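Contents: one structure, followed by commentary.
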Amino acid sequence: MDAEKWIPPANPVNGTPRNGGARLQVVISTLYGDTRAVTVPGTGGRPGTADDNRWMGEALALARGAGAGGEVPVGAVIVRQGVAVAGAANAMRTAGALAHAEMRAMADAMRAGAASRLEGCTLYVTLEPCAMCAGAIVLARLDRVVFGAWDDKAGMAGSLGDLLRHPRLNHAPEVLAGVRAEESAALLRDFFSARR
């Protein structure tokens, strides 16, 4: 994969890079055990801020709970102005194919705020969003998406395509990949190895 695709797109208004041009090179583990170097925005020589790592920890806790209940261990938390407004885990086994963690968290956040959009919010999710979730993220107008593990089979934030930052769509959230990636990928690897 070309690491250059991970440089945030330029601001269409003034041409400057998003995130003030801050970038770093990191090597992260993917869900399937390989590693890759990617360029992502961030600070301090590692992806994400202390807050990003804290909120991803909350998403990981939800993912662990889902795994313990027999669901694929993916968790998501939505944060607005430093406060969690919603959190959810995968519930596809019990609630159907649309019950991905991101979809459930977005629906809960919209209900909690009585709003049809999630502007001003950040989504923290332990696995790269799929096409369905990426489309919903764009339509909900989340400001930012932070994810842990890459999903080479279904990920649409760079693995298979990049729906989140597609130039023809009317909204493109900031995307930060690889926050607590190894923990996120390990949960999934362990879950699926136990079932083989």
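We name chains A, B, ... following the order of the structure tokens; residues begin at 1 in each chain, and ligands are numbered from 1 as shown.
Residue neighbourhood of A:Met92, excluding near-sequence residues (fewer than 4 positions): Glu71, Val72, Gly96, Ala97, Leu98, Ala99, His100 and Ala101 of chain A, at 9 Å, using only C-alpha atoms.
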Generate a file of the selected residues that holds all heavy atoms, formatted as an mmCIF file, in the first residue's frame.
data_model
loop_
_atom_site.group_PDB
_atom_site.id
_atom_site.type_symbol
_atom_site.label_atom_id
_atom_site.label_comp_id
_atom_site.auth_asym_id
_atom_site.auth_seq_id
_atom_site.Cartn_x
_atom_site.Cartn_y
_atom_site.Cartn_z
ATOM 1 N N GLU A 71 -19.980 -12.208 20.331
ATOM 2 C CA GLU A 71 -20.030 -11.318 19.167
ATOM 3 C C GLU A 71 -18.609 -11.027 18.703
ATOM 4 O O GLU A 71 -17.661 -11.100 19.489
ATOM 5 C CB GLU A 71 -20.704 -9.990 19.525
ATOM 6 C CG GLU A 71 -22.158 -10.098 19.909
ATOM 7 C CD GLU A 71 -23.094 -10.271 18.719
ATOM 8 O OE1 GLU A 71 -22.638 -10.214 17.559
ATOM 9 O OE2 GLU A 71 -24.291 -10.485 18.962
ATOM 10 N N VAL A 72 -18.459 -10.654 17.435
ATOM 11 C CA VAL A 72 -17.144 -10.228 16.942
ATOM 12 C C VAL A 72 -16.743 -9.000 17.763
ATOM 13 O O VAL A 72 -17.517 -8.048 17.880
ATOM 14 C CB VAL A 72 -17.195 -9.897 15.436
ATOM 15 C CG1 VAL A 72 -15.867 -9.334 14.970
ATOM 16 C CG2 VAL A 72 -17.565 -11.128 14.639
ATOM 17 N N GLY A 96 -28.719 -8.655 14.029
ATOM 18 C CA GLY A 96 -28.714 -8.639 12.576
ATOM 19 C C GLY A 96 -27.491 -7.986 11.970
ATOM 20 O O GLY A 96 -26.669 -7.377 12.663
ATOM 21 N N ALA A 97 -27.392 -8.102 10.653
ATOM 22 C CA ALA A 97 -26.197 -7.690 9.915
ATOM 23 C C ALA A 97 -25.902 -6.198 9.980
ATOM 24 O O ALA A 97 -24.772 -5.780 9.741
ATOM 25 C CB ALA A 97 -26.327 -8.122 8.450
ATOM 26 N N LEU A 98 -26.891 -5.377 10.282
ATOM 27 C CA LEU A 98 -26.666 -3.929 10.339
ATOM 28 C C LEU A 98 -26.176 -3.454 11.704
ATOM 29 O O LEU A 98 -25.868 -2.278 11.868
ATOM 30 C CB LEU A 98 -27.958 -3.178 9.979
ATOM 31 C CG LEU A 98 -28.559 -3.503 8.616
ATOM 32 C CD1 LEU A 98 -29.812 -2.678 8.394
ATOM 33 C CD2 LEU A 98 -27.556 -3.281 7.502
ATOM 34 N N ALA A 99 -26.104 -4.346 12.683
ATOM 35 C CA ALA A 99 -25.779 -3.961 14.051
ATOM 36 C C ALA A 99 -24.272 -3.893 14.298
ATOM 37 O O ALA A 99 -23.762 -4.444 15.277
ATOM 38 C CB ALA A 99 -26.463 -4.899 15.032
ATOM 39 N N HIS A 100 -23.558 -3.197 13.423
ATOM 40 C CA HIS A 100 -22.129 -2.953 13.647
ATOM 41 C C HIS A 100 -21.976 -1.936 14.772
ATOM 42 O O HIS A 100 -22.871 -1.102 14.998
ATOM 43 C CB HIS A 100 -21.482 -2.398 12.384
ATOM 44 C CG HIS A 100 -21.355 -3.390 11.281
ATOM 45 N ND1 HIS A 100 -20.455 -3.232 10.248
ATOM 46 C CD2 HIS A 100 -22.001 -4.555 11.034
ATOM 47 C CE1 HIS A 100 -20.558 -4.246 9.421
ATOM 48 N NE2 HIS A 100 -21.497 -5.060 9.873
ATOM 49 N N ALA A 101 -20.866 -1.989 15.460
ATOM 50 C CA ALA A 101 -20.630 -1.094 16.592
ATOM 51 C C ALA A 101 -20.794 0.376 16.200
ATOM 52 O O ALA A 101 -21.430 1.155 16.919
ATOM 53 C CB ALA A 101 -19.233 -1.343 17.161
#
Worksheet item: Got a sec: who's within 6 Å of stretch 136-150 of chain A, counting only C-alpha atoms, leaving out chain neighbours fewer than 3 positions off, as a VMD selection string?
Response: chain A and resid 30 to 31 117 to 128 133 171 173 to 181 184 to 185
Fill in: Test item, helix (DSSP H, G or I) assignment across stretch 42-106 of chain A, answer as a list in words
Ala50, Asp51, Asp52, Asn53, Arg54, Trp55, Met56, Gly57, Glu58, Ala59, Leu60, Ala61, Leu62, Ala63, Arg64, Gly65, Ala66, Gly67, Ala68, Met92, Arg93, Thr94, Ala95, Ala101, Glu102, Met103, Arg104, Ala105 and Met106 of chain A
Worksheet item: Which distance in Å separates atom CA of A:Arg168 and atom CA of A:Pro47, to one decimal?
Response: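 Atom-to-atom, atom CA of A:Arg168 and atom CA of A:Pro47 are spaced 27.2 Å apart.
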Practice prompt. Looking only at strand (DSSP E) from DSSP on the backbone, list the matching residues of stretch 27-176 of chain A as a PyMOL selection string.
Written response: chain A and resi 27-29+35-40+75-80+83-89+121-127+144-149+174-176
Item to complete: Rounded to one decimal place, report the atom CA of A:Gly65-atom CA of A:Asp152 distance in Å.
Response: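 Atom CA of A:Asp152 lies 23.7 Å from atom CA of A:Gly65.
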